[in-house]
$ cat structure30.tsv   # TSV, C-alpha atoms and all ligand atoms
chain	number	residue	atom	x	y	z
A	533	MET	CA	-104.85	118.77	-99.86
A	534	ASN	CA	-101.35	119.97	-99.04
A	535	GLU	CA	-100.03	123.53	-98.87
A	536	ASN	CA	-98.81	123.56	-102.45
A	537	ASN	CA	-102.15	122.53	-103.84
A	538	LYS	CA	-103.91	125.27	-101.94
A	539	ASN	CA	-101.78	127.81	-103.77
A	540	THR	CA	-102.74	126.49	-107.20
A	541	ASN	CA	-106.27	127.67	-107.01
A	542	ASP	CA	-105.48	131.18	-105.99
A	543	ASN	CA	-104.16	133.37	-108.78
A	544	ASN	CA	-102.76	135.83	-106.30
A	545	ALA	CA	-100.99	133.14	-104.31
A	546	VAL	CA	-97.43	133.79	-103.37
A	547	SER	CA	-94.95	131.35	-104.89
A	548	ALA	CA	-92.49	129.59	-102.63
A	549	GLY	CA	-89.81	132.22	-103.18
A	550	GLY	CA	-92.10	135.09	-102.35
A	551	VAL	CA	-92.81	136.27	-105.91
A	552	SER	CA	-96.56	136.47	-106.45
A	553	ALA	CA	-98.18	134.79	-109.43
A	554	GLU	CA	-99.62	138.19	-110.36
A	555	ARG	CA	-96.15	139.69	-110.51
A	556	LEU	CA	-94.88	136.77	-112.59
A	557	ARG	CA	-97.78	137.10	-115.00
A	558	GLU	CA	-97.14	140.82	-115.43
A	559	LEU	CA	-93.41	140.24	-115.90
A	560	GLY	CA	-93.99	137.47	-118.44
A	561	GLY	CA	-95.96	139.73	-120.75
A	562	GLY	CA	-98.50	137.01	-121.49
A	563	GLU	CA	-99.26	133.38	-120.90
A	564	PHE	CA	-98.27	131.66	-124.13
A	565	LEU	CA	-96.33	129.29	-121.86
A	566	ARG	CA	-97.72	128.86	-118.38
A	567	LEU	CA	-96.67	126.66	-115.49
A	568	ARG	CA	-98.90	126.63	-112.45
A	569	ASN	CA	-97.63	125.14	-109.23
A	570	LEU	CA	-95.59	122.59	-111.16
A	571	ARG	CA	-94.15	119.85	-109.03
A	572	ALA	CA	-91.81	117.63	-110.98
A	573	GLY	CA	-88.97	115.23	-110.38
A	574	TYR	CA	-87.70	111.77	-111.10
A	575	GLY	CA	-89.60	108.81	-109.77
A	576	LYS	CA	-90.86	109.81	-106.38
A	577	THR	CA	-88.15	112.41	-105.79
A	578	GLU	CA	-89.63	115.87	-106.07
A	579	ILE	CA	-87.12	118.41	-107.44
A	580	LEU	CA	-89.42	121.33	-108.33
A	581	HIS	CA	-91.69	122.26	-105.47
A	582	GLY	CA	-94.53	124.16	-107.07
A	583	LEU	CA	-93.15	126.42	-109.79
A	584	ASP	CA	-95.17	129.16	-111.49
A	585	LEU	CA	-93.93	130.55	-114.79
A	586	PHE	CA	-95.57	132.90	-117.31
A	587	LEU	CA	-94.14	133.81	-120.67
A	588	GLY	CA	-95.72	135.70	-123.54
A	589	ARG	CA	-95.35	134.65	-127.17
A	590	GLY	CA	-92.12	135.80	-128.75
A	591	ARG	CA	-90.48	136.50	-125.42
A	592	SER	CA	-87.42	134.95	-123.78
A	593	LEU	CA	-86.80	133.76	-120.24
A	594	CYS	CA	-83.52	132.68	-118.69
A	595	LEU	CA	-83.26	130.42	-115.64
A	596	ILE	CA	-80.19	130.83	-113.50
A	597	GLY	CA	-79.19	129.32	-110.16
A	598	PRO	CA	-76.65	127.04	-108.52
A	599	ASN	CA	-75.80	123.54	-109.71
A	600	GLY	CA	-78.52	121.09	-108.84
A	601	ALA	CA	-81.14	123.82	-108.31
A	602	GLY	CA	-83.45	122.12	-110.80
A	603	LYS	CA	-82.95	124.39	-113.83
A	604	SER	CA	-82.69	121.53	-116.32
A	605	THR	CA	-85.61	119.87	-114.57
A	606	VAL	CA	-87.79	122.88	-115.46
A	607	LEU	CA	-87.04	122.22	-119.14
A	608	HIS	CA	-87.57	118.49	-118.58
A	609	GLY	CA	-90.87	119.26	-116.88
A	610	ILE	CA	-92.05	121.35	-119.82
A	611	PHE	CA	-90.90	118.84	-122.42
A	612	GLY	CA	-92.12	115.75	-120.58
A	613	LEU	CA	-88.79	114.22	-119.61
A	614	ALA	CA	-89.35	114.61	-115.88
A	615	ASP	CA	-92.24	113.09	-113.98
A	616	ARG	CA	-95.01	115.53	-113.26
A	617	LEU	CA	-96.07	115.09	-109.66
A	618	GLY	CA	-98.62	117.90	-109.65
A	619	GLY	CA	-99.55	121.20	-111.22
A	620	GLU	CA	-100.20	122.34	-114.77
A	621	VAL	CA	-98.25	123.03	-117.94
A	622	SER	CA	-100.03	124.79	-120.77
A	623	LEU	CA	-99.01	126.22	-124.12
A	624	ASP	CA	-101.14	128.67	-126.06
A	625	GLY	CA	-104.05	127.95	-123.76
A	626	GLY	CA	-103.94	124.17	-124.17
A	627	ASP	CA	-103.00	121.75	-121.42
A	628	ILE	CA	-99.85	119.89	-122.51
A	629	GLY	CA	-98.89	118.38	-119.17
A	630	GLY	CA	-99.93	114.91	-120.22
A	631	LEU	CA	-98.16	114.77	-123.60
A	632	SER	CA	-95.10	112.58	-124.20
A	633	PRO	CA	-91.91	114.22	-125.52
A	634	GLU	CA	-92.72	112.93	-129.00
A	635	GLN	CA	-96.18	114.50	-128.86
A	636	LYS	CA	-94.63	117.70	-127.55
A	637	LEU	CA	-92.44	117.78	-130.64
A	638	ARG	CA	-95.11	116.83	-133.17
A	639	ARG	CA	-98.29	118.33	-131.81
A	640	ALA	CA	-97.29	121.10	-129.46
A	641	LYS	CA	-94.29	122.12	-131.61
A	642	ILE	CA	-91.85	122.38	-128.75
A	643	ALA	CA	-88.17	121.74	-129.45
A	644	TYR	CA	-85.62	120.94	-126.82
A	645	ILE	CA	-81.87	121.34	-127.18
A	646	LEU	CA	-80.13	119.17	-124.63
A	647	GLN	CA	-77.41	120.21	-122.24
A	648	ASP	CA	-75.18	117.42	-123.54
A	649	SER	CA	-74.26	117.49	-127.18
A	650	SER	CA	-76.61	115.28	-129.11
A	651	ILE	CA	-75.33	115.42	-132.66
A	652	PHE	CA	-74.09	112.33	-134.50
A	653	PRO	CA	-70.37	112.95	-135.13
A	654	GLU	CA	-70.02	110.29	-137.84
A	655	MET	CA	-72.88	111.68	-139.89
A	656	THR	CA	-72.63	114.71	-142.14
A	657	VAL	CA	-74.10	118.09	-141.23
A	658	GLU	CA	-76.90	117.48	-143.73
A	659	GLU	CA	-77.67	114.00	-142.39
A	660	ASN	CA	-77.82	115.38	-138.87
A	661	LEU	CA	-80.39	117.95	-139.96
A	662	ILE	CA	-82.47	115.33	-141.69
A	663	MET	CA	-82.42	113.26	-138.50
A	664	GLY	CA	-83.85	116.29	-136.71
A	665	GLY	CA	-86.78	116.23	-139.09
A	666	TYR	CA	-87.73	112.64	-138.41
A	667	VAL	CA	-91.16	113.67	-137.17
A	668	LEU	CA	-91.95	115.49	-140.42
A	669	PRO	CA	-94.52	113.66	-142.58
A	670	GLY	CA	-92.30	112.86	-145.56
A	671	ALA	CA	-88.69	112.75	-146.72
A	672	GLU	CA	-89.47	115.62	-149.11
A	673	ASP	CA	-90.55	117.88	-146.22
A	674	ALA	CA	-87.30	117.16	-144.42
A	675	ARG	CA	-85.31	118.02	-147.57
A	676	GLU	CA	-87.15	121.30	-148.04
A	677	GLN	CA	-86.71	122.26	-144.42
A	678	THR	CA	-83.00	121.41	-144.66
A	679	GLU	CA	-82.65	123.75	-147.63
A	680	ARG	CA	-84.45	126.52	-145.72
A	681	ILE	CA	-81.99	126.12	-142.87
A	682	PHE	CA	-78.99	126.14	-145.19
A	683	ALA	CA	-80.34	129.30	-146.84
A	684	LYS	CA	-80.55	130.92	-143.40
A	685	TYR	CA	-77.16	129.81	-142.08
A	686	GLY	CA	-74.51	130.02	-144.79
A	687	ARG	CA	-71.91	128.80	-142.38
A	688	LEU	CA	-73.68	125.46	-142.12
A	689	ALA	CA	-74.43	125.31	-145.82
A	690	ALA	CA	-70.72	125.58	-146.58
A	691	ARG	CA	-70.15	122.49	-144.44
A	692	ARG	CA	-73.14	120.39	-145.41
A	693	GLU	CA	-71.09	117.42	-146.60
A	694	LYS	CA	-68.65	117.51	-143.69
A	695	ARG	CA	-68.82	115.01	-140.85
A	696	ALA	CA	-70.35	116.76	-137.85
A	697	GLY	CA	-67.49	115.52	-135.66
A	698	THR	CA	-65.07	117.76	-137.53
A	699	LEU	CA	-66.98	121.01	-136.81
A	700	SER	CA	-65.68	123.66	-134.43
A	701	GLY	CA	-67.49	124.07	-131.11
A	702	GLY	CA	-69.43	127.08	-132.37
A	703	GLU	CA	-70.45	125.37	-135.60
A	704	ARG	CA	-71.53	122.32	-133.68
A	705	ARG	CA	-73.78	124.44	-131.47
A	706	LEU	CA	-75.19	126.08	-134.59
A	707	LEU	CA	-75.93	122.60	-135.96
A	708	GLU	CA	-77.65	121.59	-132.71
A	709	ILE	CA	-79.86	124.68	-132.79
A	710	SER	CA	-80.58	124.26	-136.49
A	711	ARG	CA	-81.50	120.65	-136.02
A	712	ALA	CA	-84.09	121.65	-133.45
A	713	LEU	CA	-85.55	124.09	-136.00
A	714	MET	CA	-86.31	121.26	-138.43
A	715	THR	CA	-89.74	120.74	-136.87
A	716	ASP	CA	-90.66	124.45	-137.08
A	717	PRO	CA	-91.12	124.84	-133.33
A	718	VAL	CA	-93.09	127.63	-131.64
A	719	LEU	CA	-91.24	127.17	-128.35
A	720	LEU	CA	-87.54	126.51	-128.02
A	721	LEU	CA	-86.07	125.08	-124.82
A	722	VAL	CA	-82.31	125.46	-124.65
A	723	ASP	CA	-80.10	124.06	-121.91
A	724	GLU	CA	-76.75	125.82	-121.44
A	725	PRO	CA	-76.19	127.13	-124.98
A	726	SER	CA	-72.81	128.62	-124.07
A	727	ILE	CA	-71.36	125.65	-122.19
A	728	GLY	CA	-67.93	124.53	-123.33
A	729	LEU	CA	-67.67	127.26	-125.95
A	730	GLU	CA	-64.74	129.58	-126.48
A	731	PRO	CA	-65.71	133.21	-125.73
A	732	ARG	CA	-65.70	134.18	-129.41
A	733	TYR	CA	-68.44	131.64	-130.12
A	734	ILE	CA	-70.62	132.55	-127.17
A	735	GLY	CA	-71.64	135.85	-128.76
A	736	MET	CA	-72.44	134.00	-131.97
A	737	VAL	CA	-74.78	131.60	-130.19
A	738	PHE	CA	-76.67	134.41	-128.47
A	739	ASP	CA	-76.89	136.27	-131.78
A	740	ILE	CA	-78.51	133.19	-133.31
A	741	LEU	CA	-81.01	132.99	-130.47
A	742	ALA	CA	-81.73	136.72	-130.72
A	743	GLY	CA	-82.33	136.29	-134.46
A	744	LEU	CA	-84.83	133.52	-133.77
A	745	GLN	CA	-86.60	135.58	-131.15
A	746	SER	CA	-86.88	138.50	-133.55
A	747	GLU	CA	-88.69	136.13	-135.93
A	748	GLY	CA	-91.24	135.43	-133.20
A	749	MET	CA	-89.79	132.40	-131.43
A	750	THR	CA	-90.53	132.00	-127.72
A	751	ILE	CA	-87.41	130.85	-125.87
A	752	VAL	CA	-86.74	129.41	-122.42
A	753	LEU	CA	-83.08	128.87	-121.68
A	754	VAL	CA	-80.91	127.77	-118.81
A	755	GLU	CA	-77.52	129.47	-118.51
A	756	GLN	CA	-74.59	128.88	-116.22
A	757	ASN	CA	-73.14	132.02	-117.76
A	758	ALA	CA	-75.66	134.21	-115.95
A	759	LYS	CA	-74.23	137.46	-117.32
A	760	LYS	CA	-74.78	136.42	-120.93
A	761	GLY	CA	-78.08	134.72	-120.24
A	762	LEU	CA	-79.58	137.69	-118.39
A	763	ALA	CA	-78.24	140.18	-120.92
A	764	PHE	CA	-80.01	138.18	-123.62
A	765	ALA	CA	-83.33	137.32	-122.01
A	766	ASP	CA	-86.33	139.59	-121.45
A	767	ILE	CA	-86.98	137.90	-118.11
A	768	GLY	CA	-84.80	136.10	-115.57
A	769	TYR	CA	-85.81	133.61	-112.90
A	770	VAL	CA	-83.44	132.62	-110.11
A	771	LEU	CA	-84.05	129.07	-108.99
A	772	VAL	CA	-82.69	127.80	-105.68
A	773	ALA	CA	-83.31	124.26	-104.42
A	774	GLY	CA	-86.33	123.75	-106.64
A	775	ASN	CA	-88.00	127.02	-105.66
A	776	LEU	CA	-88.21	130.38	-107.34
A	777	ALA	CA	-86.06	132.77	-105.30
A	778	MET	CA	-86.26	135.87	-107.50
A	779	ALA	CA	-87.79	136.99	-110.76
A	780	ASP	CA	-87.33	140.23	-112.68
A	781	THR	CA	-86.41	141.56	-116.09
A	782	GLY	CA	-83.05	140.22	-117.25
A	783	LYS	CA	-81.70	143.75	-117.10
A	784	ASN	CA	-82.80	144.35	-113.51
A	785	LEU	CA	-81.37	141.05	-112.33
A	786	LEU	CA	-78.07	141.89	-114.01
A	787	GLU	CA	-77.95	145.09	-111.97
A	788	ASN	CA	-79.12	143.47	-108.74
A	789	PRO	CA	-76.20	143.43	-106.25
A	790	GLU	CA	-77.31	140.18	-104.64
A	791	VAL	CA	-77.49	138.41	-107.99
A	792	GLY	CA	-74.13	139.94	-108.84
A	793	ARG	CA	-72.54	138.61	-105.70
A	794	LEU	CA	-74.01	135.12	-106.03
A	795	PHE	CA	-74.06	134.46	-109.76
A	796	LEU	CA	-72.13	137.06	-111.67
A	797	GLY	CA	-68.82	136.72	-109.93
A	798	GLY	CA	-68.67	140.30	-108.71
B	801	LIG	N1	-82.65	111.91	-114.83
B	801	LIG	C1	-82.56	112.12	-113.51
B	801	LIG	N2	-82.86	111.14	-112.62
B	801	LIG	C2	-82.77	111.35	-111.29
B	801	LIG	N3	-82.39	112.51	-110.73
B	801	LIG	C3	-82.08	113.52	-111.55
B	801	LIG	C4	-82.13	113.37	-112.98
B	801	LIG	N4	-81.75	114.55	-113.53
B	801	LIG	C5	-81.48	115.37	-112.50
B	801	LIG	N5	-81.67	114.75	-111.32
B	801	LIG	C6	-81.48	115.36	-109.98
B	801	LIG	O1	-82.33	116.49	-109.89
B	801	LIG	C7	-81.69	117.56	-109.20
B	801	LIG	C8	-81.75	118.82	-110.03
B	801	LIG	O2	-80.99	118.59	-111.21
B	801	LIG	P1	-80.99	119.55	-112.46
B	801	LIG	O3	-80.21	118.85	-113.50
B	801	LIG	O4	-82.36	119.99	-112.78
B	801	LIG	O5	-80.18	120.79	-111.87
B	801	LIG	P2	-79.53	122.03	-112.64
B	801	LIG	O6	-79.96	123.24	-111.90
B	801	LIG	O7	-79.82	121.94	-114.07
B	801	LIG	O8	-78.00	121.80	-112.35
B	801	LIG	P3	-76.69	122.06	-113.27
B	801	LIG	O9	-76.40	123.52	-113.14
B	801	LIG	O10	-75.65	121.23	-112.62
B	801	LIG	O11	-77.00	121.63	-114.67
B	801	LIG	C9	-80.28	117.08	-108.88
B	801	LIG	O12	-80.27	116.66	-107.55
B	801	LIG	C10	-80.09	115.92	-109.83
B	801	LIG	O13	-79.24	114.96	-109.26
B	802	MG	MG	-78.67	121.63	-115.77

$ encode --input "structure30.tsv" --output "structure tokens"
Amino acid sequence: MNENNKNTNDNNAVSAGGVSAERLRELGGGEFLRLRNLRAGYGKTEILHGLDLFLGRGRSLCLIGPNGAGKSTVLHGIFGLADRLGGEVSLDGGDIGGLSPEQKLRRAKIAYILQDSSIFPEMTVEENLIMGGYVLPGAEDAREQTERIFAKYGRLAARREKRAGTLSGGERRLLEISRALMTDPVLLLVDEPSIGLEPRYIGMVFDILAGLQSEGMTIVLVEQNAKKGLAFADIGYVLVAGNLAMADTGKNLLENPEVGRLFLGG
């Protein structure tokens, strides 16, 4: 048994960055999503070295940290796109560590919005949404869900017949988020929602996420724009070289001088 594994069995164990699991549990306001000593990577390369994460239902958590710290790998680890080398991932009390991404989508109701744009530019807005509902049981379900989304986001409804490639950056991001909603997820994983967007659209994207959270959605996001991400999220984790360096409320991290100096450009 190595050092990391020893920590798993002790609920009061101190995580690699010095934040105790107890503190993380308290901060998270619940354990709807729980990672315990997660080690994950690609092939044999370990990127995350024993991460603990606790998040209550309907809460939001933002991961910040330098390039290559492993932020996207946390989302990959939850969704099943990275190799799990040790530790546990559970959702709503059930172990989901062994599920494939498809099972995560269908059974565990987790949706993942990729860092790189994943819409089909030649297809219409409506066709893109229907593609997002491919795991739904029937074509009729996908249609109904599409209509629900159009009823919610008039801006998309007005463009339903347009090719997705002709949308503005903000509308495209709205389509990406909406497409992930087709499966009625309970947990939304979002990688860099503000990347590549003009400032006027960034607020819009966070407003959309805030709206979803107010409806009860649990959200884990990664943000390069740490100011916006921490202002949005209930909880912030700072990841450095695959380890948790700091964790606090989003608000406290925003006001933390060290975080300011390293990640907020001030
Ligand atoms: N699919 C993959 N296969 C192999 N290595 C990968 C893969 N994805 C990421 N890595 C490696 O894992 C490490 C962490 O990458 P990750 O993408 O999680 O970082 P990040 O914090 O999201 O960085 P960024 O801010 O640049 O998006 C990097 O060294 C990266 O090269
Ligand atoms: Mg990334």

$ axis_aligned_box --input "structure30.tsv" --around "segment 561-579 of chain A" --padding-each-side "8 Å" --output "lines of an AutoDock Vina configuration file"
center_x = -93.2
center_y = 124.3
center_z = -115.0
size_x = 28.1
size_y = 46.9
size_z = 34.3

$ residues_near_ligand --input "structure30.tsv" --ligand "ligand LIG 801 (chain B)" --cutoff "7 Å" --atoms "all atoms listed in the file" --output "PDB file with C-alpha atoms, in the frame of the given file"
ATOM      1  CA  GLY A 573     -88.970 115.230-110.380  1.00  0.00           C
ATOM      2  CA  TYR A 574     -87.700 111.770-111.100  1.00  0.00           C
ATOM      3  CA  ILE A 579     -87.120 118.410-107.440  1.00  0.00           C
ATOM      4  CA  GLY A 597     -79.190 129.320-110.160  1.00  0.00           C
ATOM      5  CA  PRO A 598     -76.650 127.040-108.520  1.00  0.00           C
ATOM      6  CA  ASN A 599     -75.800 123.540-109.710  1.00  0.00           C
ATOM      7  CA  GLY A 600     -78.520 121.090-108.840  1.00  0.00           C
ATOM      8  CA  ALA A 601     -81.140 123.820-108.310  1.00  0.00           C
ATOM      9  CA  GLY A 602     -83.450 122.120-110.800  1.00  0.00           C
ATOM     10  CA  LYS A 603     -82.950 124.390-113.830  1.00  0.00           C
ATOM     11  CA  SER A 604     -82.690 121.530-116.320  1.00  0.00           C
ATOM     12  CA  THR A 605     -85.610 119.870-114.570  1.00  0.00           C
ATOM     13  CA  VAL A 606     -87.790 122.880-115.460  1.00  0.00           C
ATOM     14  CA  GLN A 756     -74.590 128.880-116.220  1.00  0.00           C
TER      15      GLN A 756
END

$ residues_near_point --input "structure30.tsv" --point "(-90.3, 135.8, -133.2)" --cutoff "10 Å" --atoms "all atoms listed in the file" --output "number ranges by chain"
A: 589-592, 718-719, 742-751

$ residues_near_point --input "structure30.tsv" --point "(-97.0, 118.2, -111.3)" --cutoff "8 Å" --atoms "all atoms listed in the file" --output "ChimeraX atom specification"
/A:569-572,582,615-620

$ closest_residue --input "structure30.tsv" --among "A:Arg566, A:Arg793, A:Arg711, A:His608" --to "ligand MG 802 (chain B)" --atoms "all atoms listed in the file"
A:His608

$ residues_around --input "structure30.tsv" --residues "Lys684 of chain A" --least-positions-apart "4" --cutoff "12 Å" --atoms "all atoms listed in the file" --output "list in words"
Gln677, Thr678, Glu679, Arg680, Leu688, Ala689, Ala690, Leu706, Ser710, Leu713, Ile740, Gly743 and Leu744 of chain A

$ write_last_selection --input "structure30.tsv" --atoms "C-alpha atoms" --output "PDB file, in the coordinates of the input"
ATOM      1  CA  GLN A 677     -86.710 122.260-144.420  1.00  0.00           C
ATOM      2  CA  THR A 678     -83.000 121.410-144.660  1.00  0.00           C
ATOM      3  CA  GLU A 679     -82.650 123.750-147.630  1.00  0.00           C
ATOM      4  CA  ARG A 680     -84.450 126.520-145.720  1.00  0.00           C
ATOM      5  CA  LEU A 688     -73.680 125.460-142.120  1.00  0.00           C
ATOM      6  CA  ALA A 689     -74.430 125.310-145.820  1.00  0.00           C
ATOM      7  CA  ALA A 690     -70.720 125.580-146.580  1.00  0.00           C
ATOM      8  CA  LEU A 706     -75.190 126.080-134.590  1.00  0.00           C
ATOM      9  CA  SER A 710     -80.580 124.260-136.490  1.00  0.00           C
ATOM     10  CA  LEU A 713     -85.550 124.090-136.000  1.00  0.00           C
ATOM     11  CA  ILE A 740     -78.510 133.190-133.310  1.00  0.00           C
ATOM     12  CA  GLY A 743     -82.330 136.290-134.460  1.00  0.00           C
ATOM     13  CA  LEU A 744     -84.830 133.520-133.770  1.00  0.00           C
TER      14      LEU A 744
END

$ residues_around --input "structure30.tsv" --residues "Leu565 of chain A" --least-positions-apart "6" --cutoff "10 Å" --atoms "only C-alpha atoms" --output "compact mmCIF listing (two decimals) with C-alpha atoms, in the coordinates of the input"
# COMPACT_ATOMS: atom_id res chain seq x y z
CA LEU A 585 -93.93 130.55 -114.79
CA PHE A 586 -95.57 132.90 -117.31
CA LEU A 587 -94.14 133.81 -120.67
CA GLY A 588 -95.72 135.70 -123.54
CA ARG A 589 -95.35 134.65 -127.17
CA ARG A 591 -90.48 136.50 -125.42
CA ILE A 610 -92.05 121.35 -119.82
CA VAL A 621 -98.25 123.03 -117.94
CA SER A 622 -100.03 124.79 -120.77
CA LEU A 623 -99.01 126.22 -124.12
CA ASP A 624 -101.14 128.67 -126.06
CA GLY A 625 -104.05 127.95 -123.76
CA GLY A 626 -103.94 124.17 -124.17
CA LEU A 719 -91.24 127.17 -128.35
CA THR A 750 -90.53 132.00 -127.72
CA ILE A 751 -87.41 130.85 -125.87
CA VAL A 752 -86.74 129.41 -122.42

$ residues_around --input "structure30.tsv" --residues "segment 660-672 of chain A" --least-positions-apart "6" --cutoff "7 Å" --atoms "all atoms listed in the file" --output "ChimeraX atom specification"
/A:638,651-652,678,711-712,714-715

$ residues_around --input "structure30.tsv" --residues "Lys760 of chain A" --least-positions-apart "4" --cutoff "9 Å" --atoms "all atoms listed in the file" --output "list of chain:residue names"
A:Ser726, A:Ile734, A:Gly735, A:Phe738, A:Glu755, A:Gln756, A:Phe764, A:Ala765

$ write_last_selection --input "structure30.tsv" --atoms "C-alpha atoms" --output "mmCIF file, keeping the file's coordinate frame"
data_model
loop_
_atom_site.group_PDB
_atom_site.id
_atom_site.type_symbol
_atom_site.label_atom_id
_atom_site.label_comp_id
_atom_site.auth_asym_id
_atom_site.auth_seq_id
_atom_site.Cartn_x
_atom_site.Cartn_y
_atom_site.Cartn_z
ATOM 1 C CA SER A 726 -72.810 128.620 -124.070
ATOM 2 C CA ILE A 734 -70.620 132.550 -127.170
ATOM 3 C CA GLY A 735 -71.640 135.850 -128.760
ATOM 4 C CA PHE A 738 -76.670 134.410 -128.470
ATOM 5 C CA GLU A 755 -77.520 129.470 -118.510
ATOM 6 C CA GLN A 756 -74.590 128.880 -116.220
ATOM 7 C CA PHE A 764 -80.010 138.180 -123.620
ATOM 8 C CA ALA A 765 -83.330 137.320 -122.010
#

$ atom_distance --input "structure30.tsv" --atom1 "atom CA of Arg695 of chain A" --atom2 "atom CA of Met655 of chain A"
5.3 Å

$ atom_distance --input "structure30.tsv" --atom1 "atom CA of Ser650 of chain A" --atom2 "atom MG of ligand MG 802 (chain B)"
14.9 Å

$ atom_distance --input "structure30.tsv" --atom1 "atom CA of Leu593 of chain A" --atom2 "atom CA of Phe682 of chain A"
27.2 Å

$ closest_residue --input "structure30.tsv" --among "A:Val722, A:Asp739, A:Asp673, A:Val657" --to "Leu699 of chain A" --atoms "only C-alpha atoms"
A:Val657

$ closest_residue --input "structure30.tsv" --among "A:Leu646, A:Leu720, A:Phe795, A:Ser700" --to "ligand MG 802 (chain B)" --atoms "only C-alpha atoms and all ligand atoms"
A:Leu646

$ closest_residue --input "structure30.tsv" --among "A:Leu786, A:Ile628, A:Ala553, A:Leu771" --to "ligand MG 802 (chain B)" --atoms "only C-alpha atoms and all ligand atoms"
A:Leu771
